[in-house]
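Note: the block below is my_file_9.pdb and it holds PDB, C-alpha atoms.
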```
MODEL        1
ATOM      1  CA  MET A  17     -14.621  -9.596  -9.006
ATOM      2  CA  ALA A  18     -11.105  -9.903 -10.431
ATOM      3  CA  ILE A  19      -8.201 -10.195  -7.965
ATOM      4  CA  VAL A  20      -4.453 -10.010  -8.501
ATOM      5  CA  GLU A  21      -2.177 -10.840  -5.573
ATOM      6  CA  LEU A  22       1.485  -9.942  -5.514
ATOM      7  CA  ARG A  23       3.978 -10.985  -2.849
ATOM      8  CA  PHE A  24       7.565  -9.817  -2.846
ATOM      9  CA  SER A  25      10.552  -9.941  -0.528
ATOM     10  CA  ALA A  26      11.080  -6.767   1.472
ATOM     11  CA  GLN A  27      13.659  -5.286  -0.878
ATOM     12  CA  PRO A  28      13.371  -1.671  -2.116
ATOM     13  CA  GLU A  29      14.040  -2.700  -5.727
ATOM     14  CA  HIS A  30      10.747  -4.649  -5.808
ATOM     15  CA  VAL A  31       8.641  -1.559  -5.065
ATOM     16  CA  ARG A  32       8.970  -0.415  -8.680
ATOM     17  CA  THR A  33       7.554  -3.722  -9.891
ATOM     18  CA  ALA A  34       4.573  -3.338  -7.534
ATOM     19  CA  ARG A  35       3.939   0.180  -8.910
ATOM     20  CA  LEU A  36       4.036  -1.077 -12.502
ATOM     21  CA  VAL A  37       1.691  -3.987 -11.772
ATOM     22  CA  ALA A  38      -0.724  -1.716  -9.888
ATOM     23  CA  ALA A  39      -0.858   0.796 -12.751
ATOM     24  CA  ALA A  40      -1.425  -1.950 -15.332
ATOM     25  CA  VAL A  41      -4.219  -3.585 -13.324
ATOM     26  CA  ALA A  42      -5.796  -0.181 -12.540
ATOM     27  CA  ARG A  43      -5.795   0.727 -16.226
ATOM     28  CA  ARG A  44      -7.448  -2.581 -17.087
ATOM     29  CA  ALA A  45     -10.015  -2.030 -14.307
ATOM     30  CA  GLY A  46     -11.070   1.254 -15.896
ATOM     31  CA  VAL A  47      -9.368   3.774 -13.612
ATOM     32  CA  GLU A  48      -9.064   7.078 -15.479
ATOM     33  CA  GLU A  49      -5.689   7.777 -17.098
ATOM     34  CA  ALA A  50      -5.400  11.039 -15.150
ATOM     35  CA  VAL A  51      -5.523   9.093 -11.867
ATOM     36  CA  LEU A  52      -2.948   6.426 -12.754
ATOM     37  CA  ASP A  53      -0.025   8.553 -11.528
ATOM     38  CA  GLU A  54      -1.746   8.867  -8.150
ATOM     39  CA  VAL A  55      -2.198   5.086  -8.070
ATOM     40  CA  ARG A  56       1.502   4.554  -8.845
ATOM     41  CA  LEU A  57       2.651   7.055  -6.229
ATOM     42  CA  ALA A  58       0.302   5.789  -3.510
ATOM     43  CA  VAL A  59       1.282   2.154  -4.106
ATOM     44  CA  GLY A  60       4.949   3.147  -4.132
ATOM     45  CA  GLU A  61       4.582   4.921  -0.782
ATOM     46  CA  ALA A  62       2.601   2.082   0.789
ATOM     47  CA  CYS A  63       5.025  -0.584  -0.453
ATOM     48  CA  SER A  64       8.092   1.446   0.566
ATOM     49  CA  ARG A  65       6.564   1.836   4.016
ATOM     50  CA  ALA A  66       5.928  -1.918   4.293
ATOM     51  CA  VAL A  67       9.449  -2.721   3.071
ATOM     52  CA  GLY A  68      10.920  -0.288   5.602
ATOM     53  CA  LEU A  69       8.876  -1.761   8.442
ATOM     54  CA  HIS A  70       9.867  -5.316   7.520
ATOM     55  CA  ARG A  71      13.543  -4.426   7.264
ATOM     56  CA  SER A  72      13.651  -2.397  10.481
ATOM     57  CA  HIS A  73      11.933  -5.204  12.424
ATOM     58  CA  GLY A  74      13.944  -8.036  10.853
ATOM     59  CA  ILE A  75      10.885  -9.670   9.285
ATOM     60  CA  THR A  76      11.615 -11.992   6.368
ATOM     61  CA  ALA A  77       7.989 -12.608   5.334
ATOM     62  CA  PRO A  78       6.982 -11.096   1.989
ATOM     63  CA  VAL A  79       5.080  -7.838   1.573
ATOM     64  CA  ARG A  80       1.541  -8.488   0.283
ATOM     65  CA  VAL A  81      -0.244  -6.432  -2.357
ATOM     66  CA  VAL A  82      -3.809  -7.353  -3.314
ATOM     67  CA  LEU A  83      -5.415  -5.554  -6.247
ATOM     68  CA  SER A  84      -9.124  -6.091  -6.711
ATOM     69  CA  GLU A  85     -11.639  -4.904  -9.218
ATOM     70  CA  GLU A  86     -15.180  -4.647  -7.960
ATOM     71  CA  GLU A  87     -18.194  -3.019  -9.543
ATOM     72  CA  LYS A  88     -17.211   0.640 -10.111
ATOM     73  CA  THR A  89     -14.300   0.397  -7.641
ATOM     74  CA  PHE A  90     -10.643  -0.535  -7.910
ATOM     75  CA  SER A  91      -8.908  -1.207  -4.594
ATOM     76  CA  ILE A  92      -5.417  -2.014  -3.439
ATOM     77  CA  GLU A  93      -4.361  -3.446  -0.099
ATOM     78  CA  VAL A  94      -0.721  -3.354   0.955
ATOM     79  CA  GLY A  95       0.005  -5.518   3.975
ATOM     80  CA  ASP A  96       2.978  -5.906   6.252
ATOM     81  CA  GLU A  97       3.707  -8.481   8.949
ATOM     82  CA  VAL A  98       4.740  -6.010  11.666
ATOM     83  CA  PRO A  99       2.682  -6.593  14.853
ATOM     84  CA  THR A 100       1.024  -3.679  16.645
ATOM     85  CA  SER A 101       3.520  -3.602  19.495
ATOM     86  CA  GLY A 102       6.571  -1.588  18.482
ATOM     87  CA  ALA A 103       7.447   1.467  16.440
ATOM     88  CA  GLY A 104       5.208   0.618  13.496
ATOM     89  CA  SER A 105       2.039   0.509  15.582
ATOM     90  CA  ALA A 106       2.655   3.885  17.168
ATOM     91  CA  ALA A 107       2.704   5.536  13.762
ATOM     92  CA  LEU A 108      -0.423   3.662  12.687
ATOM     93  CA  SER A 109      -2.365   4.658  15.756
ATOM     94  CA  GLY A 110      -1.140   8.245  15.620
ATOM     95  CA  ASN A 111       0.211   8.107  19.172
ATOM     96  CA  GLY A 112       3.845   8.713  18.257
ATOM     97  CA  GLY A 113       6.750   6.985  19.977
ATOM     98  CA  ASP A 114       8.773   7.887  22.998
ATOM     99  CA  ALA A 115      12.002   6.091  22.137
ATOM    100  CA  PRO A 116      14.552   8.409  20.475
ATOM    101  CA  GLU A 117      15.999   5.581  18.344
ATOM    102  CA  ASP A 118      12.555   5.046  16.767
ATOM    103  CA  PHE A 119      12.005   8.724  15.944
ATOM    104  CA  ASP A 120      13.409   8.689  12.395
ATOM    105  CA  ALA A 121      11.592   5.510  11.379
ATOM    106  CA  GLU A 122       8.315   6.760  12.838
ATOM    107  CA  GLY A 123       8.738  10.179  11.233
ATOM    108  CA  GLU A 124       9.228   8.568   7.829
ATOM    109  CA  ASP A 125       6.274   6.247   8.459
ATOM    110  CA  GLU A 126       3.975   9.145   9.355
ATOM    111  CA  MET A 127       5.232  11.130   6.359
ATOM    112  CA  GLY A 128       4.467   8.195   4.042
ATOM    113  CA  LEU A 129       0.961   7.887   5.478
ATOM    114  CA  ALA A 130       0.428  11.640   5.026
ATOM    115  CA  VAL A 131       1.508  11.411   1.376
ATOM    116  CA  ILE A 132      -0.863   8.497   0.779
ATOM    117  CA  SER A 133      -3.734  10.387   2.442
ATOM    118  CA  GLY A 134      -3.033  13.345   0.156
ATOM    119  CA  LEU A 135      -3.094  11.164  -2.954
ATOM    120  CA  VAL A 136      -6.064   8.909  -2.195
ATOM    121  CA  ASP A 137      -9.515  10.087  -1.149
ATOM    122  CA  ASP A 138     -10.592   6.673   0.123
ATOM    123  CA  VAL A 139      -7.822   5.279   2.319
ATOM    124  CA  GLU A 140      -8.019   3.134   5.436
ATOM    125  CA  VAL A 141      -5.102   2.144   7.667
ATOM    126  CA  SER A 142      -5.497  -0.707  10.126
ATOM    127  CA  SER A 143      -3.192  -2.723  12.318
ATOM    128  CA  THR A 144      -3.509  -5.923  14.311
ATOM    129  CA  GLU A 145      -1.152  -8.263  16.099
ATOM    130  CA  ASP A 146      -0.630  -9.986  12.726
ATOM    131  CA  GLY A 147       0.439  -6.837  10.888
ATOM    132  CA  GLY A 148      -0.823  -3.708   9.217
ATOM    133  CA  VAL A 149      -2.846  -3.041   6.077
ATOM    134  CA  ILE A 150      -3.292   0.073   4.008
ATOM    135  CA  ARG A 151      -6.439  -0.158   1.871
ATOM    136  CA  MET A 152      -6.881   2.368  -0.925
ATOM    137  CA  SER A 153      -9.634   2.577  -3.520
ATOM    138  CA  TRP A 154     -10.478   4.582  -6.603
ATOM    139  CA  PRO A 155     -13.580   4.779  -8.785
ATOM    140  CA  SER A 156     -13.451   2.849 -12.040
ATOM    141  CA  SER A 157     -15.603   2.960 -15.116
ATOM    142  CA  VAL A 158     -15.231  -0.338 -16.900
ATOM    143  CA  LEU A 159     -16.702  -0.176 -20.369
ATOM    144  CA  THR A 160     -18.597  -3.248 -21.409
ATOM    145  CA  ALA A 161     -18.631  -4.367 -25.003
ATOM    146  CA  SER A 162     -22.037  -4.501 -26.666
TER
ENDMDL
END
```

In structure tokens, what does this structure look like?
Amino acid sequence: MAIVELRFSAQPEHVRTARLVAAAVARRAGVEEAVLDEVRLAVGEACSRAVGLHRSHGITAPVRVVLSEEEKTFSIEVGDEVPTSGAGSAALSGNGGDAPEDFDAEGEDEMGLAVISGLVDDVEVSSTEDGGVIRMSWPSSVLTAS
């Protein structure tokens, strides 16, 4: 199993780099060319969401992106360091928030998750007291040389 790990400071300009790396690794893992745009878009949404959560909560830790190639599967995990208590956890759990000042951030968060769900068939969102993770996977067909 091949793994690539990327960590970047929570700055919007780094999201493009994460998209480019994800597309390159996905291509190498054997993800079909027709699906690479979906990979780019989904990673962009997940990373933008993590960057937004970090910035809105004043977290200076880097955003984590782990790309892994397993047998017939390519997966990406985008992790943030935002604990479950607060605006970020409400959007993850689907409960919504009550505080008016959190409404815009939560609305954008839920919209980002909806976009990701529309792009990726196999997506899992989890959250703990240590932060949240969006795990996405796509089928791959790595050709072996004979």

For this session: Could you please determine the separation between CA of Gly95 in chain A and CA of Val79 in chain A in Å, to one decimal place?
Result: 6.1 Å

For this session: Select all residues near (-4.9, 2.4, -9.9) (cut-off 12 Å, inclusive, file coordinates), counting only C-alpha atoms, and output them as number ranges by chain.
Result: A: 34-60, 82-85, 89-93, 135-136, 152-157

Problem set entry | Closest of A:Val94, A:Leu69, A:Ile75, A:Ala130 to Leu22 in chain A - atom-to-atom distances counting all atoms listed in the file | A:Val94

Exercise. Taking (-2.8, -4.8, 14.8) in the file's coordinates as the center, which residues reach within 8 Å of it, counting all atoms listed in the file, put as an MDAnalysis selection string?
Worked result: chainID A and resid 99:101 105 142:148

For this session: Rank nothing, just name the residue among A:Ala66, A:Gln27, A:Glu61, A:Gly74 nearest to Val131 in chain A, using all atoms listed in the file.
Result: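 Going through A:Ala66, A:Gln27, A:Glu61, A:Gly74 one by one, the smallest distance to Val131 in chain A is for A:Glu61.
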